[in-house]
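Engineer: Provided herewith: coords07.pdb, PDB, C-alpha atoms, pLDDT in the B column.
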```pdb
MODEL        1
ATOM      1  CA  MET V   1      45.789 -13.165  27.611  1.00 44.00           C
ATOM      2  CA  ARG V   2      46.022  -9.945  25.627  1.00 43.00           C
ATOM      3  CA  LYS V   3      45.468 -11.747  22.297  1.00 44.00           C
ATOM      4  CA  ARG V   4      42.454 -13.635  23.710  1.00 42.00           C
ATOM      5  CA  LEU V   5      40.861 -10.418  25.029  1.00 37.00           C
ATOM      6  CA  SER V   6      41.259  -8.630  21.690  1.00 40.00           C
ATOM      7  CA  SER V   7      39.663 -11.615  19.907  1.00 41.00           C
ATOM      8  CA  LEU V   8      36.654 -11.396  22.233  1.00 35.00           C
ATOM      9  CA  VAL V   9      36.310  -7.643  21.634  1.00 37.00           C
ATOM     10  CA  VAL V  10      36.391  -8.145  17.841  1.00 38.00           C
ATOM     11  CA  ALA V  11      33.868 -11.011  18.022  1.00 40.00           C
ATOM     12  CA  GLY V  12      31.567  -8.966  20.275  1.00 40.00           C
ATOM     13  CA  ALA V  13      31.704  -5.960  17.960  1.00 39.00           C
ATOM     14  CA  ALA V  14      30.901  -8.146  14.943  1.00 37.00           C
ATOM     15  CA  ALA V  15      27.888  -9.640  16.741  1.00 36.00           C
ATOM     16  CA  ALA V  16      26.620  -6.173  17.678  1.00 35.00           C
ATOM     17  CA  VAL V  17      26.725  -5.137  14.023  1.00 35.00           C
ATOM     18  CA  ILE V  18      25.200  -8.326  12.626  1.00 32.00           C
ATOM     19  CA  VAL V  19      22.240  -8.687  14.997  1.00 34.00           C
ATOM     20  CA  PRO V  20      20.564  -5.311  14.287  1.00 35.00           C
ATOM     21  CA  ALA V  21      20.990  -5.758  10.541  1.00 36.00           C
ATOM     22  CA  ALA V  22      19.260  -9.143  10.652  1.00 36.00           C
ATOM     23  CA  ALA V  23      16.415  -7.814  12.800  1.00 39.00           C
ATOM     24  CA  SER V  24      15.561  -4.780  10.633  1.00 46.00           C
ATOM     25  CA  PRO V  25      12.064  -4.588   9.055  1.00 49.00           C
ATOM     26  CA  ALA V  26      13.631  -4.014   5.624  1.00 49.00           C
ATOM     27  CA  ALA V  27      14.067  -7.753   5.202  1.00 45.00           C
ATOM     28  CA  ALA V  28      10.327  -8.215   5.651  1.00 48.00           C
ATOM     29  CA  THR V  29       9.438  -5.574   3.046  1.00 42.00           C
ATOM     30  CA  ALA V  30      11.569  -6.758   0.145  1.00 55.00           C
ATOM     31  CA  SER V  31       8.489  -7.825  -1.860  1.00 86.00           C
ATOM     32  CA  ALA V  32       5.221  -6.163  -2.731  1.00 94.00           C
ATOM     33  CA  VAL V  33       2.033  -6.784  -0.783  1.00 97.00           C
ATOM     34  CA  GLY V  34      -1.381  -6.556  -2.347  1.00 95.00           C
ATOM     35  CA  ALA V  35      -5.113  -6.332  -1.976  1.00 97.00           C
ATOM     36  CA  SER V  36      -8.099  -6.909  -4.245  1.00 98.00           C
ATOM     37  CA  CYS V  37     -11.877  -6.839  -4.208  1.00 98.00           C
ATOM     38  CA  SER V  38     -14.854  -7.230  -6.532  1.00 98.00           C
ATOM     39  CA  VAL V  39     -18.368  -5.867  -6.472  1.00 98.00           C
ATOM     40  CA  THR V  40     -21.069  -6.181  -9.143  1.00 98.00           C
ATOM     41  CA  GLY V  41     -19.712  -4.014 -11.964  1.00 98.00           C
ATOM     42  CA  ALA V  42     -16.092  -3.544 -10.831  1.00 98.00           C
ATOM     43  CA  SER V  43     -12.985  -5.475  -9.957  1.00 98.00           C
ATOM     44  CA  GLY V  44     -10.012  -3.695  -8.378  1.00 98.00           C
ATOM     45  CA  SER V  45      -6.552  -4.590  -7.169  1.00 98.00           C
ATOM     46  CA  GLY V  46      -3.493  -2.880  -5.799  1.00 98.00           C
ATOM     47  CA  SER V  47       0.026  -3.687  -4.739  1.00 98.00           C
ATOM     48  CA  TRP V  48       2.822  -1.721  -3.093  1.00 98.00           C
ATOM     49  CA  VAL V  49       6.062  -1.970  -1.148  1.00 98.00           C
ATOM     50  CA  PHE V  50       6.299  -0.437   2.331  1.00 98.00           C
ATOM     51  CA  ALA V  51       9.534   1.579   2.064  1.00 97.00           C
ATOM     52  CA  SER V  52       9.407   3.341   5.451  1.00 97.00           C
ATOM     53  CA  ARG V  53       6.974   4.640   8.090  1.00 97.00           C
ATOM     54  CA  THR V  54       5.908   7.357   5.642  1.00 98.00           C
ATOM     55  CA  GLN V  55       6.308   5.960   2.129  1.00 98.00           C
ATOM     56  CA  LEU V  56       4.886   3.344  -0.230  1.00 98.00           C
ATOM     57  CA  ASN V  57       6.941   2.537  -3.330  1.00 98.00           C
ATOM     58  CA  SER V  58       5.926   0.690  -6.489  1.00 98.00           C
ATOM     59  CA  VAL V  59       2.212   1.397  -5.983  1.00 98.00           C
ATOM     60  CA  THR V  60       0.164  -0.266  -8.740  1.00 98.00           C
ATOM     61  CA  LEU V  61      -3.621   0.242  -8.892  1.00 98.00           C
ATOM     62  CA  ARG V  62      -5.825  -1.588 -11.432  1.00 98.00           C
ATOM     63  CA  ILE V  63      -9.560  -1.275 -12.042  1.00 98.00           C
ATOM     64  CA  THR V  64     -11.735  -3.249 -14.473  1.00 98.00           C
ATOM     65  CA  ASP V  65     -15.330  -2.517 -15.481  1.00 98.00           C
ATOM     66  CA  THR V  66     -17.184  -5.847 -15.380  1.00 98.00           C
ATOM     67  CA  ALA V  67     -20.761  -4.837 -16.287  1.00 98.00           C
ATOM     68  CA  ALA V  68     -22.548  -3.189 -19.216  1.00 98.00           C
ATOM     69  CA  ASP V  69     -24.585  -1.046 -16.840  1.00 98.00           C
ATOM     70  CA  GLY V  70     -23.919   2.521 -18.022  1.00 97.00           C
ATOM     71  CA  HIS V  71     -21.795   3.311 -14.966  1.00 98.00           C
ATOM     72  CA  HIS V  72     -18.068   3.948 -14.821  1.00 98.00           C
ATOM     73  CA  VAL V  73     -15.626   2.489 -12.272  1.00 98.00           C
ATOM     74  CA  ALA V  74     -12.861   3.901 -10.099  1.00 98.00           C
ATOM     75  CA  ILE V  75     -10.193   2.774  -7.659  1.00 98.00           C
ATOM     76  CA  GLN V  76      -8.618   4.530  -4.688  1.00 98.00           C
ATOM     77  CA  LEU V  77      -5.677   3.893  -2.399  1.00 98.00           C
ATOM     78  CA  GLN V  78      -6.559   4.626   1.215  1.00 98.00           C
ATOM     79  CA  THR V  79      -4.142   4.793   4.130  1.00 98.00           C
ATOM     80  CA  VAL V  80      -4.377   5.256   7.865  1.00 98.00           C
ATOM     81  CA  GLN V  81      -1.908   7.704   9.394  1.00 98.00           C
ATOM     82  CA  GLY V  82       0.081   7.081  12.573  1.00 95.00           C
ATOM     83  CA  SER V  83      -2.469   9.132  14.561  1.00 96.00           C
ATOM     84  CA  GLY V  84      -5.376   7.090  13.189  1.00 97.00           C
ATOM     85  CA  GLY V  85      -6.563   9.689  10.673  1.00 97.00           C
ATOM     86  CA  SER V  86      -7.524   8.609   7.161  1.00 97.00           C
ATOM     87  CA  HIS V  87      -5.758   9.688   3.985  1.00 98.00           C
ATOM     88  CA  LEU V  88      -7.973   9.275   0.916  1.00 98.00           C
ATOM     89  CA  TRP V  89      -5.720   9.400  -2.142  1.00 98.00           C
ATOM     90  CA  PRO V  90      -7.069  10.575  -5.529  1.00 98.00           C
ATOM     91  CA  LEU V  91      -9.666   8.477  -7.317  1.00 98.00           C
ATOM     92  CA  HIS V  92      -8.556   6.880 -10.597  1.00 98.00           C
ATOM     93  CA  HIS V  93     -11.461   6.479 -13.062  1.00 98.00           C
ATOM     94  CA  GLU V  94     -12.095   4.157 -16.026  1.00 98.00           C
ATOM     95  CA  TYR V  95     -14.834   5.245 -18.456  1.00 98.00           C
ATOM     96  CA  GLY V  96     -14.385   2.671 -21.262  1.00 98.00           C
ATOM     97  CA  GLY V  97     -17.346   0.404 -20.423  1.00 98.00           C
ATOM     98  CA  LYS V  98     -17.605  -3.319 -19.828  1.00 98.00           C
ATOM     99  CA  GLY V  99     -14.258  -5.089 -20.191  1.00 98.00           C
ATOM    100  CA  ALA V 100     -12.206  -1.880 -20.042  1.00 98.00           C
ATOM    101  CA  SER V 101      -9.424  -1.707 -17.493  1.00 98.00           C
ATOM    102  CA  HIS V 102      -6.622   0.623 -16.597  1.00 98.00           C
ATOM    103  CA  THR V 103      -3.487   0.389 -14.458  1.00 98.00           C
ATOM    104  CA  TRP V 104      -1.756   3.288 -12.683  1.00 98.00           C
ATOM    105  CA  ASN V 105       1.787   3.202 -11.284  1.00 98.00           C
ATOM    106  CA  THR V 106       2.791   5.704  -8.616  1.00 97.00           C
ATOM    107  CA  THR V 107       4.200   6.183  -5.107  1.00 98.00           C
ATOM    108  CA  ALA V 108       2.625   7.527  -1.908  1.00 98.00           C
ATOM    109  CA  THR V 109       4.268   9.609   0.808  1.00 98.00           C
ATOM    110  CA  ASP V 110       2.537  10.965   3.911  1.00 98.00           C
ATOM    111  CA  SER V 111       4.624  12.856   6.487  1.00 98.00           C
ATOM    112  CA  ARG V 112       2.015  11.919   9.127  1.00 98.00           C
ATOM    113  CA  GLY V 113       2.793   8.248   8.601  1.00 98.00           C
ATOM    114  CA  ILE V 114       1.294   5.284   6.778  1.00 98.00           C
ATOM    115  CA  LYS V 115       0.315   2.722   9.395  1.00 98.00           C
ATOM    116  CA  TYR V 116      -2.081   0.719   7.186  1.00 98.00           C
ATOM    117  CA  ALA V 117      -2.881   0.699   3.473  1.00 98.00           C
ATOM    118  CA  TYR V 118      -5.791  -0.745   1.468  1.00 98.00           C
ATOM    119  CA  ILE V 119      -7.801  -0.217  -1.706  1.00 98.00           C
ATOM    120  CA  GLU V 120     -11.431   0.604  -2.450  1.00 98.00           C
ATOM    121  CA  ALA V 121     -13.098  -0.081  -5.818  1.00 98.00           C
ATOM    122  CA  TYR V 122     -16.222   1.812  -6.888  1.00 98.00           C
ATOM    123  CA  VAL V 123     -19.054   1.688  -9.406  1.00 98.00           C
ATOM    124  CA  MET V 124     -20.006   5.317  -9.977  1.00 98.00           C
ATOM    125  CA  GLU V 125     -22.620   7.534 -11.595  1.00 97.00           C
ATOM    126  CA  GLY V 126     -21.014  10.927 -12.076  1.00 96.00           C
ATOM    127  CA  ASN V 127     -19.416  11.749  -8.713  1.00 96.00           C
ATOM    128  CA  SER V 128     -21.759   9.476  -6.733  1.00 98.00           C
ATOM    129  CA  VAL V 129     -20.834   6.003  -5.526  1.00 98.00           C
ATOM    130  CA  ILE V 130     -23.383   3.335  -6.535  1.00 98.00           C
ATOM    131  CA  ARG V 131     -21.537   0.304  -5.102  1.00 98.00           C
ATOM    132  CA  SER V 132     -18.142  -0.258  -3.533  1.00 98.00           C
ATOM    133  CA  CYS V 133     -15.855  -2.884  -2.071  1.00 98.00           C
ATOM    134  CA  GLY V 134     -12.641  -2.877  -0.110  1.00 97.00           C
ATOM    135  CA  ASP V 135     -10.033  -5.347   0.960  1.00 94.00           C
ATOM    136  CA  ARG V 136      -8.475  -5.788   4.395  1.00 91.00           C
ATOM    137  CA  SER V 137      -5.929  -3.231   5.427  1.00 95.00           C
ATOM    138  CA  ILE V 138      -2.287  -4.283   5.342  1.00 97.00           C
ATOM    139  CA  THR V 139      -0.093  -3.231   8.276  1.00 97.00           C
ATOM    140  CA  ASN V 140       3.116  -1.343   7.620  1.00 97.00           C
ATOM    141  CA  PRO V 141       5.943  -3.424   9.183  1.00 97.00           C
ATOM    142  CA  TYR V 142       7.814  -0.201  10.084  1.00 97.00           C
ATOM    143  CA  TYR V 143       5.157   0.478  12.775  1.00 94.00           C
TER     144      TYR V 143
ENDMDL
END
```
Show me the file's structure as structure tokens.

Structural biologist:
Amino acid sequence: MRKRLSSLVVAGAAAAVIVPAAASPAAATASAVGASCSVTGASGSGSWVFASRTQLNSVTLRITDTAADGHHVAIQLQTVQGSGGSHLWPLHHEYGGKGASHTWNTTATDSRGIKYAYIEAYVMEGNSVIRSCGDRSITNPYY
């Protein structure tokens, strides 16, 4: 009886350890997620890995100028905080003209949380937006 009881305790403890590990959101975030959009004159894309409720790792942003129109293009990561507020990350510009593209690699951390993330691509004249596009927001699995 004593041996059987100790076997049950060991088996129960092992199950308690295994179940939470299998149910963690980390398994769902092992690969990057991405977004892209195109508007006349610009094509943008982004990818990232949700690392926690407050951090994106392996953020890659790419913008391509697709028109010989005299305007430059830019891309921006945008996130929605846990409270619903927006976080507009810095714009990344490409001034090389039609066919020029640039890729930026970075991370993003917001102590107020990152509930959703998405990208916006812009065709710009100086600091003014001429045209823009955005892709659907991607939900952080840690929320």

Engineer: With only C-alpha atoms counted, which protein, DNA or RNA residues have an atom no more than 8 Å from (-11.0, 0.0, -0.1) in the file frame? Please answer as a list in words.

Structural biologist: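 Here is the list of nearby residues: Gln76, Leu77, Gln78, Tyr118, Ile119, Glu120, Ala121, Ser132, Cys133, Gly134, Asp135 and Arg136 of chain V.
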
Engineer: Here is a test: counting all atoms listed in the file, which residue of V:Leu61, V:His72, V:His102, V:Ser43 is nearest to Pro90 (chain V)?

Structural biologist: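 Ranking V:Leu61, V:His72, V:His102, V:Ser43 by distance to Pro90 (chain V), first place goes to V:Leu61.
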
Engineer: How far is it from CA of Ser137 (chain V) to CA of Ser101 (chain V), in Å with one decimal?

Structural biologist: 23.2 Å

Engineer: Write out as a list in words which residues come within 6 Å of region 96-100 of chain V when counting all atoms listed in the file, dropping same-chain ones fewer than 6 positions away.

Structural biologist: Thr64, Asp65, Thr66, Ala67 and Ala68 of chain V

Engineer: Grab the CA of Arg53 (chain V) to CA of Tyr116 (chain V) distance for me, in Å with one decimal place.

Structural biologist: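 Rounded to one decimal, the two atoms are 9.9 Å apart.
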
Engineer: Might you pull out every residue within 8 Å of Gly82 (chain V), with all atoms listed in the file counted and same-chain residues fewer than 2 positions away left off, and present them as a list in words?

Structural biologist: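 With the cut-off at 8 Å, the set is Val80, Gly84, Gly85, Arg112, Gly113, Ile114 and Lys115 of chain V.
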
Engineer: Residues as selected, C-alpha atoms, written as a PDB file, in the frame of the given file, can you do that?

Structural biologist:
```pdb
ATOM      1  CA  VAL V  80      -4.377   5.256   7.865  1.00 98.00           C
ATOM      2  CA  GLY V  84      -5.376   7.090  13.189  1.00 97.00           C
ATOM      3  CA  GLY V  85      -6.563   9.689  10.673  1.00 97.00           C
ATOM      4  CA  ARG V 112       2.015  11.919   9.127  1.00 98.00           C
ATOM      5  CA  GLY V 113       2.793   8.248   8.601  1.00 98.00           C
ATOM      6  CA  ILE V 114       1.294   5.284   6.778  1.00 98.00           C
ATOM      7  CA  LYS V 115       0.315   2.722   9.395  1.00 98.00           C
TER       8      LYS V 115
END
```

Engineer: Translate the PyMOL selection byres ((chain V and resi 45) around 7) into a concrete residue list for this structure, as a list in words.

Structural biologist: Ala35, Ser36, Cys37, Gly44, Gly46, Leu61, Arg62 and Ile63 of chain V

Engineer: When you count all atoms listed in the file, which of these residues is closest to Val33 (chain V): V:Ser47, V:Ser86, V:Gln81, V:Asn140?

Structural biologist: V:Ser47

Engineer: Using all atoms listed in the file, pick whichever of V:Ser128, V:Thr139, V:Gln55, V:His93 has the shortest atom-to-atom distance to Gly34 (chain V).

Structural biologist: V:Thr139
